[in-house]
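**Student:** One structure is given below, represented as structure tokens, and several questions about it will come after.
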Amino acid sequence: MTTRRDILKFGAVGAFGLAGMRGGSDDDTPPSSTLPPPPTSSLLAPQNMPVPYAGVFRRPPELLPFETGFDDGDPARPYARYALTQKLGQAQFVPGLSTTVAGYNGIFPGPTIRAAQGTRIEVRMRNALPATGLLTPDGFNTVTHLHGSASLPQYDGYANDFTAPGSVKNYKYPNWQTARTLWYHDHKHHITAQNVYSGLAGFYPLSDQYERAQLPQGEFDVPLMISDAMFNADGSLAYNDNGRKGLWGDIIMVNGVPWPTMEVKPRIYRFRVLIASISRSYRPTLSTGDPVYLVGTDAGMVPKVQALKSWRQGTAERYEILIDFRRYRAGQTVDLLNLGNKNNVDFANTGKIMRFKVVADSGPGTGSISGIPTTLQDGGAPNASRGGIATMKLTPDMAVAKREIKLLRANGEWTINGVTWTDVEKSGFSKLFGNPQPFDVEQWTITNASGGWFHPLHIHLVDAKVIARNTNGGKPFLWESGPKDVFYAGENESITALMQFDVGAAQGGRYMIHCHNLVHEDHDMMVQFSVGDWRINDPVSTDPPVRDTTPADSFPPVYRPGFPPGT
Ligand SMILES: [Cu+2]
């Protein structure tokens with residue numbers, strides 16, 4: 001049995017060793033990439049080391065609501081209520097050993113919640129975790145952020161609006177936006193990386209009638225949560241953030257299975273690709289050299305479908321792709337590989353993600369589509385406050401303000417324009433990066449002047465249109481041709497984006513901006529803006545968590561009958 005003290009000790013040894021091998025132990029010095037990386041960062045015995053493509057692909061279970069109904073009995077205002085419990089569980093990640101995780105309902109990834117536009121959702125989020133963290137001696141406090149939702153500030157997972165073990169918070173999600181792939185994950189200040197890495201992440205796809213009519217559904221609509229991890233010899237999660245620079249696991253998991261194999265029919269499949277790694281970024285590509293077809297980005301569908309041979313994807317970015325398996329014969333395998341990006345630490349098998357094995361088509365099946373679409377349409381309209389494709393119709397002349405975000409390392413801390421979340425806390429949460437008014441359009445430029453690291457920057461609340469980059473001939477990358485809420489600021493890169501501060505029917509309030517390398521976010525690369533008056537909808541005091549006095553078995557989870565294993 002490995003104790004937490006042992007994990008911390010291994011972590012410290014690992015950090016020292018890796019920093020030494022990479023020649024980059026100085027806080028402000030980028031890691032050198034001249035030395036080869038060690039073959040693994042896990043301490044597993046050979047018989048416990050997962051083998052690429054040996055595991056069977058699986059989807060996270062889909063949670064069903066414990067209650068549905070209509071507000072005031074009005075059939076035009078449906079709602080659904082769900083219950084999740086954050087608790088410890090045992091996962092089978094590596095052969096022959098089990099791993100303790102802290103997950104939603106005790107599993108990783110957490111249960112998928114499928115939402116429909118127009119049906120508001122409440123999630124009763126109960127913290128039944130032990131007093132202290134799996135990977136830190138800090139209190140196991142949690143904050144839940146639904147990434148991609150225009151939630152009110154008190155339900156947006158504000159980093160200081162935490163729920164302690166034994167308490168419960170009822171999160172309310174409006175779901176008025178266009179269809180998109182959202183995900184929910186932890187956001188507790190200073191320990192977000194450890195909490196997410198321990199298992200607190202799950203999918204929340206939002207559908208609408210336009211998306212349902214144009215893109216694959218059901219069996220052919222597949223969430224892929226890609227993450228990396230490293231393990232101690234006893235199978236427990238090892239944590240090493242290399243002096244708060246980044247966590248580089250040697251084992252790539254998809255939906256919690258190392259390098260799985262998925263059986264696919266010769267049909268068109270839709271994959272919702274989400275990077276849930278703490279730090280690692282990816283450049284996925286197919287082993288056949290065939291293209292994938294980009295149909296969705298972070299905040300909705302793309303107006304024009306793009307054929308891609310590969311794309312760059314950092315933490316929290318979502319790209320929805322179609323893969324056309326009709327062109328392969330039964331028995332053929334197609335691998336999803338990772339070409340990698342600068343300033344990641346690679347290991348023997350981090351260039352692999354998962355394998356598809358084409359099997360004979362069995363029965364008609366429902367939910368696939370008959371051809372690759374060339375254009376897509378959603379239900380939004382410019383300035384019609386639904387985000388999505390309407391975002392791509394924003395033009396620079398609509399912007400009423402321009403702002404600059406500089407991603408900087410200063411005094412051993414990661415900062416935004418030299419400001420940290422500690423500065424925000426010290427101001428009594430009044431310090432603002434900007435103060436747009438509801439429905440304003442603004443133009444923001446994000447600059448990373450360093451060649452030593454990259455930052456996937458997340459702006460809460462907004463759907464944005466990337467209009468320029470300083471590289472790539474000044475143009476956005478092809479995969480940025482739809483609405484975005486995470487912006488990959490690569491080495492010496494700058495990005496200009498237009499965004500509308502669409503708060504729906506709400507009045508506004510404060511929202512966070514932060515690096516989604518969660519180690520950077522925690523130390524301490526996060527600031528906030530306010531839409532309208534910063535004092536309204538106070539995220540901490542408006543609807544705080546309460547002690548949970550209901551019996552532990554009050555909301556037994558009910559999952560939708562699943563797809564067969566391997567699909
Ligand atoms: Cu960063």
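Going through the structure tokens in order, the chains are called A, B, and so on, while each chain numbers its residues from 1 and the ligands are numbered from 1 in the order shown.
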For chain A versus ligand 1, which residues have an atom no more than 7 Å away, and what is each residue's nearest atom pair and distance in Å rounded to one decimal, using only C-alpha atoms and all ligand atoms, chain-then-number order, as JSON lines?

**Tutor:**
```
{"residue": "A:Phe454", "atom": "CA", "partner": "ligand 1", "partner_atom_place_in_ligand_line": "1 (Cu)", "distance": 6.1}
{"residue": "A:His455", "atom": "CA", "partner": "ligand 1", "partner_atom_place_in_ligand_line": "1 (Cu)", "distance": 3.7}
{"residue": "A:Pro456", "atom": "CA", "partner": "ligand 1", "partner_atom_place_in_ligand_line": "1 (Cu)", "distance": 6.2}
{"residue": "A:Cys515", "atom": "CA", "partner": "ligand 1", "partner_atom_place_in_ligand_line": "1 (Cu)", "distance": 4.5}
{"residue": "A:His516", "atom": "CA", "partner": "ligand 1", "partner_atom_place_in_ligand_line": "1 (Cu)", "distance": 6.3}
{"residue": "A:Asn517", "atom": "CA", "partner": "ligand 1", "partner_atom_place_in_ligand_line": "1 (Cu)", "distance": 4.9}
{"residue": "A:His520", "atom": "CA", "partner": "ligand 1", "partner_atom_place_in_ligand_line": "1 (Cu)", "distance": 4.8}
{"residue": "A:Glu521", "atom": "CA", "partner": "ligand 1", "partner_atom_place_in_ligand_line": "1 (Cu)", "distance": 6.7}
```

**Student:** What are the DSSP helix (DSSP H, G or I) residues of stretch 207-332 of chain A, as a count of residues only?

**Tutor:** 12

**Student:** Any idea what's packed within 10 Å of A:Ala91, counting only C-alpha atoms, ignoring anything in its chain fewer than 6 positions away? Could you give it as a list in words?

**Tutor:**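 The contact residues come out as Leu97, Ser98, Thr99, Thr100, Val101, Ala102, Gly103, Gly106, Ile107, Phe108, Gly199, Gly235, Ser236, Gly256 and Val257 of chain A.
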
**Student:** Can you write just those residues out, N, CA, C and O atoms, as a PDB file, in the first residue's frame?

**Tutor:**
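The resulting file, part-v5.pdb, is reproduced below:
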```pdb
ATOM      1  N   LEU A  97      -3.841  -4.201 -11.598  1.00  0.00           N
ATOM      2  CA  LEU A  97      -3.884  -3.311 -10.442  1.00  0.00           C
ATOM      3  C   LEU A  97      -5.121  -2.427 -10.526  1.00  0.00           C
ATOM      4  O   LEU A  97      -5.616  -2.142 -11.612  1.00  0.00           O
ATOM      5  N   SER A  98      -5.609  -2.007  -9.364  1.00  0.00           N
ATOM      6  CA  SER A  98      -6.704  -1.041  -9.395  1.00  0.00           C
ATOM      7  C   SER A  98      -6.182   0.307  -8.903  1.00  0.00           C
ATOM      8  O   SER A  98      -5.153   0.391  -8.217  1.00  0.00           O
ATOM      9  N   THR A  99      -6.867   1.346  -9.302  1.00  0.00           N
ATOM     10  CA  THR A  99      -6.448   2.726  -9.023  1.00  0.00           C
ATOM     11  C   THR A  99      -7.583   3.450  -8.322  1.00  0.00           C
ATOM     12  O   THR A  99      -8.713   3.426  -8.803  1.00  0.00           O
ATOM     13  N   THR A 100      -7.283   4.069  -7.203  1.00  0.00           N
ATOM     14  CA  THR A 100      -8.289   4.889  -6.537  1.00  0.00           C
ATOM     15  C   THR A 100      -8.434   6.199  -7.289  1.00  0.00           C
ATOM     16  O   THR A 100      -7.434   6.889  -7.549  1.00  0.00           O
ATOM     17  N   VAL A 101      -9.666   6.523  -7.659  1.00  0.00           N
ATOM     18  CA  VAL A 101      -9.946   7.805  -8.298  1.00  0.00           C
ATOM     19  C   VAL A 101     -10.922   8.578  -7.428  1.00  0.00           C
ATOM     20  O   VAL A 101     -11.620   8.011  -6.586  1.00  0.00           O
ATOM     21  N   ALA A 102     -10.961   9.887  -7.636  1.00  0.00           N
ATOM     22  CA  ALA A 102     -12.016  10.729  -7.073  1.00  0.00           C
ATOM     23  C   ALA A 102     -12.820  11.203  -8.266  1.00  0.00           C
ATOM     24  O   ALA A 102     -12.326  12.001  -9.064  1.00  0.00           O
ATOM     25  N   GLY A 103     -14.016  10.669  -8.433  1.00  0.00           N
ATOM     26  CA  GLY A 103     -14.775  10.974  -9.642  1.00  0.00           C
ATOM     27  C   GLY A 103     -16.208  11.335  -9.329  1.00  0.00           C
ATOM     28  O   GLY A 103     -16.685  11.166  -8.201  1.00  0.00           O
ATOM     29  N   GLY A 106     -17.938   8.461  -8.547  1.00  0.00           N
ATOM     30  CA  GLY A 106     -16.819   7.552  -8.289  1.00  0.00           C
ATOM     31  C   GLY A 106     -16.198   6.940  -9.526  1.00  0.00           C
ATOM     32  O   GLY A 106     -15.434   5.986  -9.414  1.00  0.00           O
ATOM     33  N   ILE A 107     -16.514   7.500 -10.724  1.00  0.00           N
ATOM     34  CA  ILE A 107     -15.957   6.919 -11.951  1.00  0.00           C
ATOM     35  C   ILE A 107     -15.247   7.988 -12.783  1.00  0.00           C
ATOM     36  O   ILE A 107     -15.489   9.185 -12.649  1.00  0.00           O
ATOM     37  N   PHE A 108     -14.332   7.525 -13.640  1.00  0.00           N
ATOM     38  CA  PHE A 108     -13.633   8.414 -14.574  1.00  0.00           C
ATOM     39  C   PHE A 108     -13.678   7.824 -15.982  1.00  0.00           C
ATOM     40  O   PHE A 108     -13.288   6.680 -16.148  1.00  0.00           O
ATOM     41  N   GLY A 199      -9.761  12.626 -11.258  1.00  0.00           N
ATOM     42  CA  GLY A 199     -10.901  12.020 -11.944  1.00  0.00           C
ATOM     43  C   GLY A 199     -12.115  12.904 -12.153  1.00  0.00           C
ATOM     44  O   GLY A 199     -13.119  12.443 -12.712  1.00  0.00           O
ATOM     45  N   GLY A 235      -0.059   1.008  -8.721  1.00  0.00           N
ATOM     46  CA  GLY A 235      -1.228   1.342  -9.535  1.00  0.00           C
ATOM     47  C   GLY A 235      -1.889   2.657  -9.156  1.00  0.00           C
ATOM     48  O   GLY A 235      -2.813   3.106  -9.845  1.00  0.00           O
ATOM     49  N   SER A 236      -1.442   3.277  -8.078  1.00  0.00           N
ATOM     50  CA  SER A 236      -2.027   4.568  -7.708  1.00  0.00           C
ATOM     51  C   SER A 236      -1.557   5.655  -8.681  1.00  0.00           C
ATOM     52  O   SER A 236      -0.499   5.527  -9.313  1.00  0.00           O
ATOM     53  N   GLY A 256     -10.649   6.905 -20.177  1.00  0.00           N
ATOM     54  CA  GLY A 256     -10.132   6.148 -19.039  1.00  0.00           C
ATOM     55  C   GLY A 256      -9.543   4.787 -19.384  1.00  0.00           C
ATOM     56  O   GLY A 256      -9.217   4.019 -18.479  1.00  0.00           O
ATOM     57  N   VAL A 257      -9.362   4.487 -20.681  1.00  0.00           N
ATOM     58  CA  VAL A 257      -8.743   3.218 -21.097  1.00  0.00           C
ATOM     59  C   VAL A 257      -7.458   3.548 -21.854  1.00  0.00           C
ATOM     60  O   VAL A 257      -7.497   4.310 -22.824  1.00  0.00           O
TER      61      VAL A 257
END
```

**Student:** Residues at most 9 Å from A:Leu64, counting only C-alpha atoms, excluding those fewer than 3 positions away in the same chain, as number ranges by chain?

**Tutor:** A: 67, 81-82, 113-114, 557-560

**Student:** Could you write those residues out with C-alpha atoms, as an mmCIF file, in the first residue's frame?

**Tutor:**
```cif
data_model
loop_
_atom_site.group_PDB
_atom_site.id
_atom_site.type_symbol
_atom_site.label_atom_id
_atom_site.label_comp_id
_atom_site.auth_asym_id
_atom_site.auth_seq_id
_atom_site.Cartn_x
_atom_site.Cartn_y
_atom_site.Cartn_z
ATOM 1 C CA GLU A 67 -36.901 14.191 -12.149
ATOM 2 C CA ARG A 81 -32.857 17.411 -12.577
ATOM 3 C CA TYR A 82 -29.780 15.242 -12.150
ATOM 4 C CA ILE A 113 -25.185 14.247 -19.208
ATOM 5 C CA ARG A 114 -26.950 14.773 -22.539
ATOM 6 C CA PRO A 557 -27.778 6.746 -10.291
ATOM 7 C CA VAL A 558 -29.770 5.385 -13.218
ATOM 8 C CA TYR A 559 -27.884 5.052 -16.495
ATOM 9 C CA ARG A 560 -29.259 4.758 -20.006
#
```

**Student:** Any chance you could tabulate, as JSON lines, the residues of stretch 513-556 of chain A at most 6 Å from stretch 435-438 of chain A with each one's nearest atom pair and distance in Å to one decimal, using only C-alpha atoms, in chain and rising number order?

**Tutor:**
```
{"residue": "A:Phe529", "atom": "CA", "partner": "A:Asn435", "partner_atom": "CA", "distance": 5.8}
{"residue": "A:Ser530", "atom": "CA", "partner": "A:Asn435", "partner_atom": "CA", "distance": 4.9}
{"residue": "A:Val531", "atom": "CA", "partner": "A:Pro436", "partner_atom": "CA", "distance": 5.1}
{"residue": "A:Gly532", "atom": "CA", "partner": "A:Gln437", "partner_atom": "CA", "distance": 4.7}
```

**Student:** Export, as a short mmCIF file (atom, residue, chain, number, x, y, z; two decimals), in the first residue's frame, the selected residues with all heavy atoms.

**Tutor:**
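Once written, selection.cif looks like this:
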```
data_model
loop_
_atom_site.label_atom_id
_atom_site.label_comp_id
_atom_site.auth_asym_id
_atom_site.auth_seq_id
_atom_site.Cartn_x
_atom_site.Cartn_y
_atom_site.Cartn_z
N PHE A 529 -13.17 39.13 -15.66
CA PHE A 529 -13.84 40.32 -16.21
C PHE A 529 -15.26 40.32 -15.66
O PHE A 529 -15.73 39.33 -15.11
CB PHE A 529 -13.84 40.30 -17.75
CG PHE A 529 -14.59 39.15 -18.37
CD1 PHE A 529 -15.91 39.30 -18.76
CD2 PHE A 529 -13.97 37.93 -18.58
CE1 PHE A 529 -16.62 38.25 -19.34
CE2 PHE A 529 -14.67 36.87 -19.16
CZ PHE A 529 -15.99 37.03 -19.53
N SER A 530 -15.92 41.46 -15.79
CA SER A 530 -17.33 41.51 -15.41
C SER A 530 -18.14 42.01 -16.59
O SER A 530 -17.73 42.95 -17.28
CB SER A 530 -17.55 42.44 -14.21
OG SER A 530 -18.93 42.47 -13.87
N VAL A 531 -19.27 41.36 -16.82
CA VAL A 531 -20.24 41.89 -17.77
C VAL A 531 -21.20 42.73 -16.95
O VAL A 531 -21.88 42.23 -16.06
CB VAL A 531 -20.98 40.75 -18.50
CG1 VAL A 531 -21.94 41.34 -19.54
CG2 VAL A 531 -20.01 39.80 -19.17
N GLY A 532 -21.21 44.05 -17.23
CA GLY A 532 -22.03 44.96 -16.42
C GLY A 532 -21.46 45.10 -15.01
O GLY A 532 -20.27 44.90 -14.78
#
```

**Student:** Mind checking which residues fall within 8 Å of A:Asn141, counting only C-alpha atoms, ignoring those fewer than 5 positions away in the same chain, and posting them as a PyMOL selection string?

**Tutor:** chain A and resi 127+162-165+188

**Student:** Please produce an output containing N, CA, C and O atoms for each residue in the selection, written as a JSON list (two decimals), in the first residue's frame.

**Tutor:**
```
[["chain", "number", "residue", "atom", "x", "y", "z"],
["A", 127, "ASN", "N", -20.66, 16.68, -2.50],
["A", 127, "ASN", "CA", -19.26, 16.35, -2.23],
["A", 127, "ASN", "C", -19.21, 15.32, -1.11],
["A", 127, "ASN", "O", -19.42, 15.65, 0.06],
["A", 162, "PHE", "N", -16.44, 27.28, -3.38],
["A", 162, "PHE", "CA", -16.17, 25.85, -3.24],
["A", 162, "PHE", "C", -17.16, 25.14, -2.33],
["A", 162, "PHE", "O", -17.79, 25.75, -1.46],
["A", 163, "THR", "N", -17.31, 23.86, -2.58],
["A", 163, "THR", "CA", -18.16, 22.98, -1.80],
["A", 163, "THR", "C", -17.26, 22.04, -1.00],
["A", 163, "THR", "O", -16.46, 21.31, -1.59],
["A", 164, "ALA", "N", -17.37, 22.07, 0.32],
["A", 164, "ALA", "CA", -16.53, 21.24, 1.18],
["A", 164, "ALA", "C", -17.13, 19.83, 1.29],
["A", 164, "ALA", "O", -18.32, 19.64, 1.04],
["A", 165, "PRO", "N", -16.30, 18.84, 1.65],
["A", 165, "PRO", "CA", -16.85, 17.51, 1.87],
["A", 165, "PRO", "C", -18.02, 17.57, 2.86],
["A", 165, "PRO", "O", -17.96, 18.28, 3.87],
["A", 188, "LYS", "N", -11.39, 24.23, -8.53],
["A", 188, "LYS", "CA", -11.02, 24.77, -7.22],
["A", 188, "LYS", "C", -9.65, 25.43, -7.27],
["A", 188, "LYS", "O", -8.66, 24.79, -7.67]]
```

**Student:** Please indicate the distance in Å from atom CA of A:Tyr197 to atom CA of A:Asp228, rounded to one decimal place.

**Tutor:** 9.0 Å

**Student:** Using atom CA of A:Asp74 and atom CA of A:Gly118 as the two end points, give the distance in Å to one decimal.

**Tutor:**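 Answer for the atom CA of A:Asp74 to atom CA of A:Gly118 separation: 12.6 Å.
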